[in-house]
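Trainee: Quick one, protein_11.txt (compact mmCIF, C-alpha atoms):
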```
# COMPACT_ATOMS: atom_id res chain seq x y z
CA MET A 9 255.83 125.65 153.90
CA GLN A 10 255.14 121.89 153.97
CA ARG A 11 257.82 119.99 152.10
CA ASP A 12 258.52 116.33 151.60
CA THR A 13 261.93 114.82 152.27
CA SER A 14 263.28 115.29 148.74
CA SER A 15 262.19 118.94 148.67
CA TRP A 16 263.91 119.63 151.99
CA LEU A 17 267.10 118.07 150.70
CA GLU A 18 266.98 119.84 147.36
CA ASP A 19 266.48 123.23 149.01
CA LEU A 20 269.04 122.72 151.77
CA TYR A 21 271.69 121.53 149.32
CA ALA A 22 271.02 124.60 147.17
CA GLU A 23 272.88 127.82 147.86
CA GLY A 24 271.83 131.40 148.43
CA ALA A 25 268.22 132.43 148.86
CA GLN A 26 266.81 128.95 148.25
CA GLN A 27 268.84 127.46 151.10
CA ALA A 28 268.19 130.45 153.37
CA LYS A 29 264.43 130.12 152.87
CA ALA A 30 264.58 126.38 153.67
CA LEU A 31 266.54 127.09 156.85
CA ASP A 32 264.00 129.71 157.90
CA ASP A 33 261.19 127.24 157.32
CA LEU A 34 262.99 124.47 159.20
CA ARG A 35 263.59 126.84 162.10
CA GLU A 36 259.89 127.63 162.17
CA VAL A 37 259.02 123.92 162.24
CA LEU A 38 261.44 123.38 165.15
CA MET A 39 260.03 126.36 167.07
CA ARG A 40 256.59 124.75 166.85
CA ILE A 41 257.58 121.15 167.53
CA LEU A 42 260.25 121.49 170.23
CA PRO A 43 258.03 122.93 173.00
CA LYS A 44 255.71 119.94 172.60
CA ALA A 45 258.52 117.39 172.32
CA LEU A 46 260.30 118.70 175.42
CA THR A 47 257.25 119.49 177.53
CA ARG A 48 258.13 116.78 180.09
CA TRP A 49 261.50 118.36 180.72
CA LEU A 50 260.87 122.06 180.08
CA GLU A 51 257.86 123.90 181.44
CA PRO A 52 256.56 126.86 179.39
CA SER A 53 256.59 128.79 182.68
CA ASP A 54 260.38 128.39 182.93
CA PRO A 55 261.87 131.89 182.69
CA HIS A 56 264.43 130.61 180.17
CA PHE A 57 261.87 128.74 178.03
CA ASP A 58 261.91 130.96 174.91
CA ALA A 59 265.68 131.42 174.98
CA LEU A 60 266.29 127.71 175.38
CA ILE A 61 263.96 126.71 172.54
CA GLU A 62 265.56 129.35 170.29
CA ASP A 63 269.02 128.17 171.27
CA ILE A 64 268.21 124.49 170.63
CA ALA A 65 266.62 125.31 167.25
CA GLN A 66 269.62 127.36 166.16
CA GLU A 67 272.13 124.71 167.20
CA THR A 68 270.05 122.04 165.46
CA LEU A 69 270.10 123.97 162.16
CA LEU A 70 273.89 124.22 162.28
CA ARG A 71 274.21 120.50 163.08
CA VAL A 72 271.77 119.57 160.30
CA LEU A 73 273.81 121.48 157.72
CA GLU A 74 277.05 119.90 158.97
CA ARG A 75 275.60 116.40 158.84
CA LEU A 76 273.30 116.68 155.83
CA ASP A 77 275.37 114.19 153.84
CA THR A 78 274.92 111.55 156.58
CA PHE A 79 271.13 111.47 156.15
CA LYS A 80 270.47 108.05 154.63
CA GLY A 81 266.78 108.40 153.89
CA ASN A 82 265.68 105.64 156.27
CA SER A 83 263.07 107.99 157.76
CA LYS A 84 261.35 111.24 156.93
CA PHE A 85 263.81 114.11 156.84
CA THR A 86 262.00 115.98 159.63
CA THR A 87 262.08 112.91 161.91
CA TRP A 88 265.85 112.80 161.43
CA VAL A 89 266.04 116.51 162.27
CA TYR A 90 263.98 115.99 165.45
CA THR A 91 266.36 113.21 166.51
CA ILE A 92 269.21 115.71 166.39
CA ALA A 93 267.14 118.42 168.08
CA VAL A 94 265.98 116.33 171.04
CA ARG A 95 269.50 115.10 171.73
CA ILE A 96 270.82 118.67 171.72
CA GLY A 97 267.86 119.87 173.80
CA LEU A 98 267.86 117.16 176.44
CA SER A 99 271.64 117.33 176.83
CA LYS A 100 271.35 121.05 177.57
CA LEU A 101 268.44 120.52 179.97
CA ARG A 102 270.15 117.69 181.85
CA LEU A 103 273.28 119.77 182.26
CA LYS A 104 271.27 122.76 183.45
CA LYS A 105 269.33 120.64 185.93
CA TRP A 106 272.45 119.04 187.39
CA GLN A 107 274.31 122.34 187.61
CA GLU A 108 271.37 123.82 189.52
CA ALA A 109 271.07 120.71 191.70
CA SER A 110 274.77 120.80 192.53
CA LEU A 111 274.45 124.45 193.50
CA GLU A 112 271.44 123.72 195.73
CA SER A 113 273.33 120.82 197.27
CA LEU A 114 276.26 123.09 198.09
CA GLU A 115 273.90 125.60 199.68
CA SER A 116 271.78 123.13 201.64
CA GLY A 117 274.25 120.30 202.17
CA THR A 118 271.80 117.77 200.78
CA ASN A 119 272.23 115.19 198.06
CA PRO A 120 271.26 116.68 194.69
CA ASP A 121 270.07 113.39 193.30
CA ASP A 122 266.43 113.52 192.30
CA SER A 123 266.46 111.14 189.38
CA PRO A 124 263.40 109.03 188.56
CA MET A 125 265.50 105.96 189.41
CA MET A 126 266.15 107.30 192.92
CA ARG A 127 262.53 108.26 193.49
CA PHE A 128 261.38 104.86 192.33
CA ALA A 129 263.83 103.21 194.66
CA ALA A 130 262.72 105.29 197.62
CA GLN A 131 259.05 104.64 197.03
CA SER A 132 259.13 100.90 196.59
CA SER A 133 261.63 99.82 199.20
CA ASN A 134 261.09 96.59 201.08
CA PRO A 135 262.14 96.87 204.74
CA GLU A 136 262.90 93.19 205.26
CA ALA A 137 265.45 91.42 203.10
CA SER A 138 265.66 87.67 203.47
CA ILE A 139 268.98 85.99 204.10
CA GLU A 140 268.85 84.61 200.56
CA GLN A 141 268.36 88.07 199.11
CA ALA A 142 271.14 89.52 201.24
CA ASN A 143 273.46 86.75 200.07
CA ALA A 144 272.51 87.40 196.44
CA LEU A 145 273.35 91.09 196.76
CA SER A 146 276.55 90.19 198.56
CA LEU A 147 277.57 88.11 195.52
CA VAL A 148 276.96 91.13 193.26
CA MET A 149 279.04 93.34 195.54
CA THR A 150 281.86 90.80 195.63
CA ALA A 151 281.91 90.69 191.82
CA ILE A 152 282.00 94.50 191.68
CA GLU A 153 284.89 94.59 194.14
CA GLN A 154 286.91 91.81 192.54
CA GLU A 155 286.28 92.23 188.81
CA LEU A 156 286.12 95.97 188.15
CA THR A 157 288.86 98.56 188.00
CA PRO A 158 288.43 101.56 190.34
CA TYR A 159 287.51 103.68 187.29
CA GLN A 160 284.84 101.18 186.16
CA ARG A 161 283.44 101.12 189.71
CA ASP A 162 283.28 104.92 189.88
CA VAL A 163 281.55 105.30 186.51
CA LEU A 164 279.10 102.47 187.19
CA SER A 165 278.30 103.89 190.60
CA ALA A 166 277.74 107.44 189.31
CA VAL A 167 275.50 106.49 186.38
CA VAL A 168 273.71 103.31 187.45
CA LEU A 169 273.49 103.73 191.22
CA GLU A 170 273.41 107.52 191.64
CA GLY A 171 271.48 108.25 188.44
CA THR A 172 273.89 110.86 187.06
CA PRO A 173 273.05 111.34 183.36
CA ILE A 174 275.78 109.84 181.22
CA ASP A 175 276.26 113.02 179.16
CA VAL A 176 276.58 115.11 182.33
CA LEU A 177 279.24 112.77 183.70
CA ALA A 178 280.97 112.71 180.30
CA GLN A 179 281.27 116.47 180.35
CA ARG A 180 282.55 116.50 183.94
CA LEU A 181 285.21 113.92 183.08
CA GLY A 182 286.06 115.45 179.70
CA LYS A 183 285.03 112.21 177.98
CA ASP A 184 282.75 111.23 175.15
CA ARG A 185 279.29 109.79 175.96
CA ASN A 186 280.01 106.70 173.83
CA THR A 187 283.23 106.04 175.73
CA LEU A 188 281.43 106.08 179.08
CA TYR A 189 278.68 103.81 177.78
CA LYS A 190 281.41 101.35 176.75
CA VAL A 191 282.98 101.57 180.24
CA ILE A 192 279.62 100.77 181.84
CA HIS A 193 278.89 97.99 179.36
CA ASP A 194 282.29 96.37 179.99
CA ALA A 195 281.65 96.63 183.74
CA ARG A 196 278.19 95.06 183.52
CA PHE A 197 279.48 92.27 181.29
CA LYS A 198 282.38 91.48 183.63
CA ILE A 199 280.06 91.28 186.64
CA LYS A 200 277.62 89.10 184.71
CA GLN A 201 280.36 86.71 183.56
CA SER A 202 281.76 86.52 187.09
CA LEU A 203 278.35 85.61 188.54
CA GLU A 204 277.80 83.00 185.83
CA ARG A 205 281.23 81.47 186.47
CA SER A 206 280.43 81.18 190.16
CA GLY A 207 277.23 79.31 189.36
CA HIS A 208 274.89 82.20 190.20
CA PRO A 209 273.61 83.74 186.94
CA PRO A 210 271.92 87.14 187.38
CA GLN A 211 268.54 85.76 186.29
CA GLU A 212 268.59 83.27 189.17
CA LEU A 213 269.59 85.95 191.70
CA LEU A 214 266.96 88.36 190.41
CA SER A 215 264.25 85.71 190.74
CA LEU A 216 264.84 85.80 194.52
CA PHE A 217 263.40 89.34 194.53
CA ASN A 218 260.44 88.66 192.24
CA ARG A 219 258.74 85.99 194.29
CA MET B 15 277.54 105.78 196.73
CA LEU B 16 279.25 102.50 195.97
CA ARG B 17 281.41 102.92 199.06
CA LYS B 18 278.30 103.33 201.21
CA ILE B 19 276.85 100.13 199.78
CA ILE B 20 280.11 98.25 200.32
CA ASN B 21 280.21 99.51 203.91
CA TRP B 22 276.66 98.36 204.44
CA PHE B 23 277.67 94.82 203.50
CA SER B 24 281.03 94.76 205.23
CA LYS B 25 279.62 96.01 208.55
CA LYS B 26 276.59 93.66 208.39
CA GLN B 27 274.32 96.58 209.23
CA GLN B 28 270.53 96.44 209.12
CA PRO B 29 269.61 96.20 205.44
CA ASP B 30 269.15 99.63 203.90
CA PRO B 31 266.08 99.31 201.63
CA LEU B 32 267.15 102.16 199.34
CA GLN B 33 270.61 100.76 198.69
CA GLU B 34 269.24 97.27 198.34
CA LYS B 35 266.78 98.51 195.72
CA LYS B 36 269.59 100.03 193.67
CA LEU B 37 271.47 96.77 193.62
CA VAL B 38 268.35 94.93 192.52
CA MET B 39 268.03 97.43 189.65
CA LEU B 40 271.64 96.69 188.73
CA LEU B 41 270.83 92.99 188.85
CA ASP B 42 267.98 93.56 186.42
CA MET B 43 270.40 95.36 184.07
CA LEU B 44 272.85 92.46 184.35
CA VAL B 45 270.15 90.06 183.17
CA LYS B 46 269.63 92.23 180.06
CA THR B 47 273.37 92.78 179.43
CA GLU B 48 274.64 91.34 176.13
CA ALA B 49 278.18 90.60 174.96
CA TYR B 50 277.75 93.10 172.13
CA GLU B 51 275.86 96.36 172.59
CA ILE B 52 275.74 99.33 170.25
CA SER B 53 276.80 102.84 171.30
CA CYS B 54 274.67 105.91 171.97
CA ASN B 55 275.78 107.38 168.64
CA ASP B 56 274.78 104.22 166.77
CA VAL B 57 271.37 104.49 168.41
CA GLY B 58 271.14 108.18 167.50
CA ASP B 59 271.75 107.27 163.85
CA ALA B 60 269.01 104.61 163.86
CA LEU B 61 266.49 106.27 166.17
CA ALA B 62 264.42 108.06 163.51
CA GLU B 63 263.82 104.82 161.60
CA PHE B 64 263.09 102.94 164.85
CA ALA B 65 260.57 105.59 165.97
CA GLU B 66 258.72 105.63 162.64
CA LEU B 67 258.52 101.83 162.59
CA HIS B 68 257.15 101.87 166.13
CA GLN B 69 254.65 104.56 165.21
CA ARG B 70 253.41 102.36 162.34
CA GLY B 71 252.85 99.50 164.82
CA GLN B 72 255.80 97.38 163.64
CA ASP B 73 257.51 94.92 166.00
CA VAL B 74 260.64 97.01 166.64
CA LYS B 75 261.96 94.63 169.29
CA HIS B 76 262.53 92.03 166.56
CA LEU B 77 263.18 94.35 163.61
CA MET B 78 265.85 96.42 165.39
CA PRO B 79 266.85 94.36 168.49
CA LEU B 80 270.13 96.16 169.16
CA VAL B 81 268.44 99.57 169.31
CA HIS B 82 265.67 98.15 171.48
CA GLN B 83 268.20 96.60 173.88
CA HIS B 84 270.22 99.83 174.13
CA LEU B 85 267.08 101.81 174.95
CA GLU B 86 266.42 99.42 177.84
CA MET B 87 269.91 99.97 179.22
CA CYS B 88 270.49 103.70 178.61
CA PRO B 89 268.22 106.23 180.36
CA ASN B 90 269.57 109.14 178.26
CA CYS B 91 268.78 107.50 174.93
CA ARG B 92 265.42 106.36 176.27
CA GLU B 93 264.51 109.95 177.17
CA GLU B 94 265.56 111.10 173.72
CA TYR B 95 263.43 108.41 172.15
CA GLU B 96 260.41 109.49 174.22
CA ALA B 97 260.95 113.12 173.21
CA LEU B 98 261.28 112.07 169.57
CA MET B 99 257.98 110.18 169.71
CA ALA B 100 256.38 113.30 171.20
CA ALA B 101 257.84 115.34 168.32
CA ILE B 102 256.43 112.93 165.73
CA GLU B 103 253.01 113.12 167.37
CA ALA B 104 253.20 116.92 167.51
CA GLU B 105 254.08 117.04 163.80
CA ALA B 106 251.12 114.82 162.96
CA GLU B 107 248.80 117.13 164.92
CA LEU B 108 250.20 120.37 163.57
CA TYR B 109 250.64 119.50 159.92
CA SER B 110 247.99 116.87 159.19
```
Can you dump the structure from the file as structure tokens?
Mentor:
Amino acid sequence: MQRDTSSWLEDLYAEGAQQAKALDDLREVLMRILPKALTRWLEPSDPHFDALIEDIAQETLLRVLERLDTFKGNSKFTTWVYTIAVRIGLSKLRLKKWQEASLESLESGTNPDDSPMMRFAAQSSNPEASIEQANALSLVMTAIEQELTPYQRDVLSAVVLEGTPIDVLAQRLGKDRNTLYKVIHDARFKIKQSLERSGHPPQELLSLFNR
Amino acid sequence: MLRKIINWFSKKQQPDPLQEKKLVMLLDMLVKTEAYEISCNDVGDALAEFAELHQRGQDVKHLMPLVHQHLEMCPNCREEYEALMAAIEAEAELYS
């Protein structure tokens, strides 16, 4: 079953039984690799484990066939396939997690946010902020208020401050993930430029917290 | 969330450590922000090459700086990169 990149391509570009056999083999590879690749995000004990892995593998095969002509040969073919598979898989898992969290939040009235960023923040908080630090953060807030559009503020807040995954927010807003990344990038760059213009570059402000 | 942070500043309340921490994280992102950054799709297209170079011990930060910078700024792409590295390791174990 082991093929090199050129064999995979030759067989997948072929038609009929040759292509079907290659797809079967690629599916088998994915069914073995995906549980290990996604183990941090999907426990084997999850009741939907088998169905999810099967679903991700199937969707990956379709995407691979659609995009076969975009493979440039800069990596092994299977590495390229895994790149597609993990993006499909993690997008599904993030969406599932946030749908479940939103449901729990509705039922319990608590905030659904349990992102690593939030946990990190909660664990390492410093109870006493110096006047200098408070002033530095006030400068950041002023730049956010003055430089960003309401839409930029909302997207930045949801993704950077609340930890909402960008693909989850993109789906909620009916937008493309790239578009939202651009919105956040523009927002960050505007804040950075504003701070630099006012004589307080971010590096200098950040150094107040790293002493 | 942003409104709560703005209120915290405008009312001069006792500093809220959690909200302060989030702003410091934003500050750290601002330091790393560049005028030009590539998109998540651009990273997706280059990620396989980046991962294989990293696996071979190459200096990916200098060989592919735009991908490296994006991975620092985008938690989604970073997770996908980590899963991809796990897939590459699993392949090496299963098929070596």
Trainee: List the residues sitting within 10 Å of (263.7, 104.9, 161.1) in the file's frame, using all atoms listed in the file, as a ChimeraX atom specification.
Mentor: /A:80-84,87-88 /B:59-69,78
Trainee: Compile the contact shell of B:His84 as a PyMOL selection string: residues with an atom at most 9 Å away, counting all atoms listed in the file, same-chain residues fewer than 6 positions apart removed.
Mentor: chain B and resi 51-54+57+91-92
Trainee: Mind giving me the straight-line distance from atom CA of B:Ala97 to atom CA of A:Ala93 in Å, one decimal?
Mentor: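 Atom CA of B:Ala97 sits 9.6 Å away from atom CA of A:Ala93.
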Trainee: If I take atom CA of A:Arg71 and atom CA of A:Arg185, how far is one from the other in Å, to one decimal?
Mentor: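 Atom CA of A:Arg71 sits 17.5 Å away from atom CA of A:Arg185.
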Trainee: Atom CA of A:Ala65 to atom CA of A:Ala178: how many Å, to one decimal?
Mentor: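 According to the coordinates, atom CA of A:Ala65 and atom CA of A:Ala178 are separated by 23.1 Å.
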Trainee: Identify all chain B residues at most 9 Å from chain A by counting all atoms listed in the file; ligands do not count. Present them as a VMD selection string.
Mentor: chain B and resid 15 to 16 19 to 20 23 29 to 45 47 to 55 58 to 66 88 to 91 93 to 105 108 to 109
